[in-house]
Amino acid sequence: MRTTSSSALRLAVAAGVTALMTSGCSAREAYENSFNLGWPSPKTEQAHSMYNMWLGSVAAAAAIGVVMYLIIAITVVRDRKKTEELPPQIRYNLPIEVLYTVVPFVIIAVLFFYTAVAENKVNKLTKNPDVTIGVVGFQWNWQFNYINDKVQVTGEPARGRAAVLVLPVDKRIRFIKTSPDVIHSFWVPDFLFKRDVIPGRLNTFELKPTVEGTYTGRCAELCGEKHDRMNFTVKVVSQSQYDTYIAGLKADPNAAANSLSAALPTGSN
Ligand SMILES: [Cu+2]
């Protein structure tokens, strides 16, 4: 009897988890706007995949937690010591042990499946991105190269000049990143995305910002003494504001490509 009710519970959890992770678009929008369990709401097209993965995993863990505490509570209350007699000693219970083995594998398989789907979506590269940004993380700040326009901005915190990355909204942005010294990590919390910036390598990914605004960026890899100075700002603006910004950079003699960007590809992609 105990075996049946426990396995029914476990099946219900598995079904609940699957239902939560495959719920439709309107439900998704509702929870993105209502509760976010500590994550910023997604500001890029790709961030939605990360966001859903996060909420799905938390919901699965919470559902399993609730069921486990319930089972423990039931046992604690129902199976208290009542007499001095030892309860019947059972060596093993095959069905329940098979269940204990199979159910975790099912949970892992479901989580693995959704992780792979999200990862493929986020890592997808397109043939013709709208803008290509070369990112150089160096000790200790960032340089952003607008590769098609052949201009760059270098953050110089010592001179009170923070690195600013301006991006047009609703456009597909390709990032190509490298470092001349040690490993850094490009992280914009509002984009729900971070990726290492590695010397001798060109790490590439694409994002499509969908919400105009100003966001903080950080280095997420302890890269040395002044790691804490590696903050930067991302501004997502309209296409016309972006065009004005690039025109301004083209007129600025400090914005010409320099030795820091030597490792990046040049010209159009
Ligand atoms: Cu760094």
# chains A, B, ... in the order shown; residues from 1 in each chain; ligands from 1
>>> select_by_dssp(residues="range 52-196 of chain A", states="alpha helix (DSSP H)", output="VMD selection string")
chain A and resid 52 to 78 94 to 123
>>> write_last_selection(atoms="C-alpha atoms", output="tab-separated table (two decimals), in the first residue's frame")
chain	number	residue	atom	x	y	z
A	52	ASN	CA	12.84	29.43	-18.78
A	53	MET	CA	15.59	26.95	-17.99
A	54	TRP	CA	16.20	28.64	-14.63
A	55	LEU	CA	12.55	28.78	-13.63
A	56	GLY	CA	11.90	25.24	-14.87
A	57	SER	CA	14.84	23.88	-12.85
A	58	VAL	CA	13.80	25.76	-9.72
A	59	ALA	CA	10.20	24.58	-10.11
A	60	ALA	CA	11.37	20.97	-10.56
A	61	ALA	CA	13.63	21.19	-7.50
A	62	ALA	CA	10.85	22.83	-5.45
A	63	ALA	CA	8.31	20.18	-6.46
A	64	ILE	CA	10.70	17.37	-5.53
A	65	GLY	CA	11.53	19.13	-2.25
A	66	VAL	CA	7.85	19.47	-1.31
A	67	VAL	CA	7.16	15.80	-2.07
A	68	MET	CA	10.20	14.64	-0.08
A	69	TYR	CA	9.28	16.75	2.98
A	70	LEU	CA	5.72	15.45	2.73
A	71	ILE	CA	6.86	11.83	2.68
A	72	ILE	CA	9.17	12.46	5.64
A	73	ALA	CA	6.39	14.20	7.57
A	74	ILE	CA	3.92	11.38	6.91
A	75	THR	CA	6.41	8.78	8.15
A	76	VAL	CA	7.35	10.81	11.21
A	77	VAL	CA	3.71	11.18	12.24
A	78	ARG	CA	2.35	7.78	11.22
A	94	LEU	CA	12.42	-4.36	-5.08
A	95	PRO	CA	9.69	-2.26	-6.76
A	96	ILE	CA	10.45	0.80	-4.66
A	97	GLU	CA	14.19	0.45	-5.19
A	98	VAL	CA	13.70	0.24	-8.96
A	99	LEU	CA	11.53	3.33	-8.71
A	100	TYR	CA	14.19	5.20	-6.69
A	101	THR	CA	16.66	4.43	-9.45
A	102	VAL	CA	14.48	5.14	-12.46
A	103	VAL	CA	12.76	8.35	-11.34
A	104	PRO	CA	16.00	10.36	-10.82
A	105	PHE	CA	17.15	9.29	-14.28
A	106	VAL	CA	13.87	10.50	-15.76
A	107	ILE	CA	14.28	13.85	-13.96
A	108	ILE	CA	17.88	14.18	-15.18
A	109	ALA	CA	16.86	13.26	-18.73
A	110	VAL	CA	14.13	15.93	-18.75
A	111	LEU	CA	16.53	18.59	-17.38
A	112	PHE	CA	19.24	17.51	-19.83
A	113	PHE	CA	16.84	17.74	-22.75
A	114	TYR	CA	15.74	21.28	-21.91
A	115	THR	CA	19.34	22.33	-21.21
A	116	ALA	CA	20.45	21.08	-24.63
A	117	VAL	CA	17.54	22.85	-26.35
A	118	ALA	CA	18.31	26.15	-24.55
A	119	GLU	CA	22.03	25.83	-25.23
A	120	ASN	CA	21.50	25.27	-28.95
A	121	LYS	CA	19.24	28.30	-29.17
A	122	VAL	CA	21.66	30.57	-27.30
A	123	ASN	CA	24.77	29.36	-29.16
>>> residues_around(residues="Thr266 in chain A", least_positions_apart="3", cutoff="9 Å", atoms="only C-alpha atoms", output="PyMOL selection string")
chain A and resi 147-148+150+262+269
>>> residues_near_ligand(ligand="ligand 1", cutoff="6 Å", atoms="only C-alpha atoms and all ligand atoms", output="mmCIF file with C-alpha atoms, in the first residue's frame")
data_model
loop_
_atom_site.group_PDB
_atom_site.id
_atom_site.type_symbol
_atom_site.label_atom_id
_atom_site.label_comp_id
_atom_site.auth_asym_id
_atom_site.auth_seq_id
_atom_site.Cartn_x
_atom_site.Cartn_y
_atom_site.Cartn_z
ATOM 1 C CA HIS A 184 38.341 37.506 -18.381
ATOM 2 C CA CYS A 219 34.052 40.796 -15.616
ATOM 3 C CA GLU A 221 36.467 35.921 -13.912
ATOM 4 C CA CYS A 223 41.573 38.240 -13.469
ATOM 5 C CA HIS A 227 39.477 42.866 -11.444
ATOM 6 C CA MET A 230 36.342 45.907 -15.041
#
>>> closest_atom_pairs(of="range 187-258 of chain A", to="range 170-175 of chain A", cutoff="10 Å", atoms="only C-alpha atoms", output="JSON lines")
{"residue": "A:Leu202", "atom": "CA", "partner": "A:Phe175", "partner_atom": "CA", "distance": 9.4}
{"residue": "A:Asn203", "atom": "CA", "partner": "A:Phe175", "partner_atom": "CA", "distance": 7.9}
{"residue": "A:Thr204", "atom": "CA", "partner": "A:Phe175", "partner_atom": "CA", "distance": 5.5}
{"residue": "A:Phe205", "atom": "CA", "partner": "A:Phe175", "partner_atom": "CA", "distance": 5.4}
{"residue": "A:Glu206", "atom": "CA", "partner": "A:Arg174", "partner_atom": "CA", "distance": 4.3}
{"residue": "A:Leu207", "atom": "CA", "partner": "A:Ile173", "partner_atom": "CA", "distance": 5.4}
{"residue": "A:Lys208", "atom": "CA", "partner": "A:Arg172", "partner_atom": "CA", "distance": 4.6}
{"residue": "A:Pro209", "atom": "CA", "partner": "A:Asp170", "partner_atom": "CA", "distance": 5.6}
{"residue": "A:Thr210", "atom": "CA", "partner": "A:Asp170", "partner_atom": "CA", "distance": 5.0}
{"residue": "A:Val211", "atom": "CA", "partner": "A:Asp170", "partner_atom": "CA", "distance": 7.9}
{"residue": "A:Glu212", "atom": "CA", "partner": "A:Asp170", "partner_atom": "CA", "distance": 9.0}
{"residue": "A:Val236", "atom": "CA", "partner": "A:Asp170", "partner_atom": "CA", "distance": 9.2}
{"residue": "A:Val237", "atom": "CA", "partner": "A:Asp170", "partner_atom": "CA", "distance": 9.4}
{"residue": "A:Ser238", "atom": "CA", "partner": "A:Asp170", "partner_atom": "CA", "distance": 8.6}
{"residue": "A:Gln239", "atom": "CA", "partner": "A:Lys171", "partner_atom": "CA", "distance": 8.7}
>>> write_last_selection(atoms="C-alpha atoms", output="JSON list (two decimals), in the first residue's frame")
[["chain", "number", "residue", "atom", "x", "y", "z"],
["A", 202, "LEU", "CA", 38.08, 34.16, -30.62],
["A", 203, "ASN", "CA", 34.95, 33.24, -28.68],
["A", 204, "THR", "CA", 31.89, 34.07, -30.72],
["A", 205, "PHE", "CA", 28.21, 34.33, -29.87],
["A", 206, "GLU", "CA", 25.16, 36.33, -30.89],
["A", 207, "LEU", "CA", 22.51, 38.19, -28.91],
["A", 208, "LYS", "CA", 19.50, 40.22, -29.94],
["A", 209, "PRO", "CA", 18.69, 42.91, -27.35],
["A", 210, "THR", "CA", 14.96, 43.54, -27.29],
["A", 211, "VAL", "CA", 14.54, 46.16, -24.55],
["A", 212, "GLU", "CA", 16.07, 49.66, -24.73],
["A", 236, "VAL", "CA", 20.61, 49.54, -25.93],
["A", 237, "VAL", "CA", 19.22, 52.36, -28.09],
["A", 238, "SER", "CA", 17.11, 52.92, -31.21],
["A", 239, "GLN", "CA", 18.72, 52.48, -34.64]]
>>> select_by_dssp(residues="range 122-257 of chain A", states="strand (DSSP E or B)", output="short mmCIF file (atom, residue, chain, number, x, y, z; two decimals) with C-alpha atoms, in the first residue's frame")
data_model
loop_
_atom_site.label_atom_id
_atom_site.label_comp_id
_atom_site.auth_asym_id
_atom_site.auth_seq_id
_atom_site.Cartn_x
_atom_site.Cartn_y
_atom_site.Cartn_z
CA VAL A 131 26.27 44.34 -36.22
CA THR A 132 29.60 42.73 -35.29
CA ILE A 133 31.30 43.82 -32.09
CA GLY A 134 34.85 42.83 -31.28
CA VAL A 135 35.33 42.69 -27.52
CA VAL A 136 38.81 42.83 -26.00
CA GLY A 137 38.98 42.19 -22.26
CA PHE A 138 42.32 43.36 -20.90
CA ASN A 141 39.02 47.13 -18.66
CA TRP A 142 37.27 46.56 -21.97
CA GLN A 143 37.58 47.66 -25.54
CA PHE A 144 34.57 47.49 -27.84
CA ASN A 145 35.29 47.45 -31.58
CA TYR A 146 32.57 48.25 -34.06
CA VAL A 151 35.98 52.41 -34.74
CA GLN A 152 36.52 51.44 -31.13
CA VAL A 153 35.98 52.61 -27.57
CA THR A 154 38.50 51.76 -24.87
CA GLU A 156 40.15 53.92 -19.16
CA ARG A 161 36.49 56.97 -18.74
CA ALA A 163 33.86 51.53 -21.28
CA VAL A 164 30.47 52.00 -22.92
CA LEU A 165 29.00 49.59 -25.43
CA VAL A 166 26.15 51.01 -27.51
CA LEU A 167 23.91 48.53 -29.32
CA PRO A 168 20.87 49.01 -31.59
CA ILE A 173 24.60 41.41 -32.66
CA ARG A 174 27.58 39.12 -33.12
CA PHE A 175 30.26 39.33 -30.43
CA ILE A 176 33.80 38.16 -31.15
CA LYS A 177 35.94 38.20 -28.04
CA THR A 178 39.55 37.85 -27.13
CA SER A 179 42.11 38.94 -24.55
CA HIS A 184 38.34 37.51 -18.38
CA SER A 185 34.62 36.90 -18.62
CA PHE A 186 32.10 39.13 -20.37
CA TRP A 187 28.95 39.26 -18.28
CA VAL A 188 25.84 41.42 -18.60
CA PHE A 193 24.60 35.60 -20.32
CA LYS A 194 28.30 35.38 -19.65
CA ARG A 195 31.18 33.92 -21.58
CA ASP A 196 34.92 33.72 -21.00
CA VAL A 197 37.31 35.94 -22.94
CA PRO A 199 43.86 34.82 -24.84
CA ASN A 203 34.95 33.24 -28.68
CA THR A 204 31.89 34.07 -30.72
CA PHE A 205 28.21 34.33 -29.87
CA GLU A 206 25.16 36.33 -30.89
CA LEU A 207 22.51 38.19 -28.91
CA PRO A 209 18.69 42.91 -27.35
CA GLY A 213 17.88 50.68 -21.58
CA THR A 214 21.17 51.01 -19.75
CA TYR A 215 22.67 47.87 -18.24
CA THR A 216 25.72 47.14 -16.14
CA GLY A 217 28.36 44.75 -17.42
CA ARG A 218 31.03 43.02 -15.36
CA CYS A 219 34.05 40.80 -15.62
CA PHE A 232 31.27 48.54 -18.15
CA THR A 233 27.97 49.92 -19.38
CA VAL A 234 25.76 48.61 -22.14
CA LYS A 235 23.28 51.00 -23.72
CA VAL A 236 20.61 49.54 -25.93
CA VAL A 237 19.22 52.36 -28.09
CA ALA A 256 40.61 54.63 -34.51
#
>>> closest_residue(among="A:Ile90, A:Ala255, A:Ile183, A:Ala47", to="Gly155 in chain A", atoms="only C-alpha atoms")
A:Ala255
>>> atom_distance(atom1="CA of Gly248 in chain A", atom2="CA of Gly160 in chain A")
19.7 Å
>>> atom_distance(atom1="CA of Tyr51 in chain A", atom2="CA of Asp130 in chain A")
24.4 Å
>>> atom_distance(atom1="CA of Ser41 in chain A", atom2="CA of Asp190 in chain A")
7.1 Å
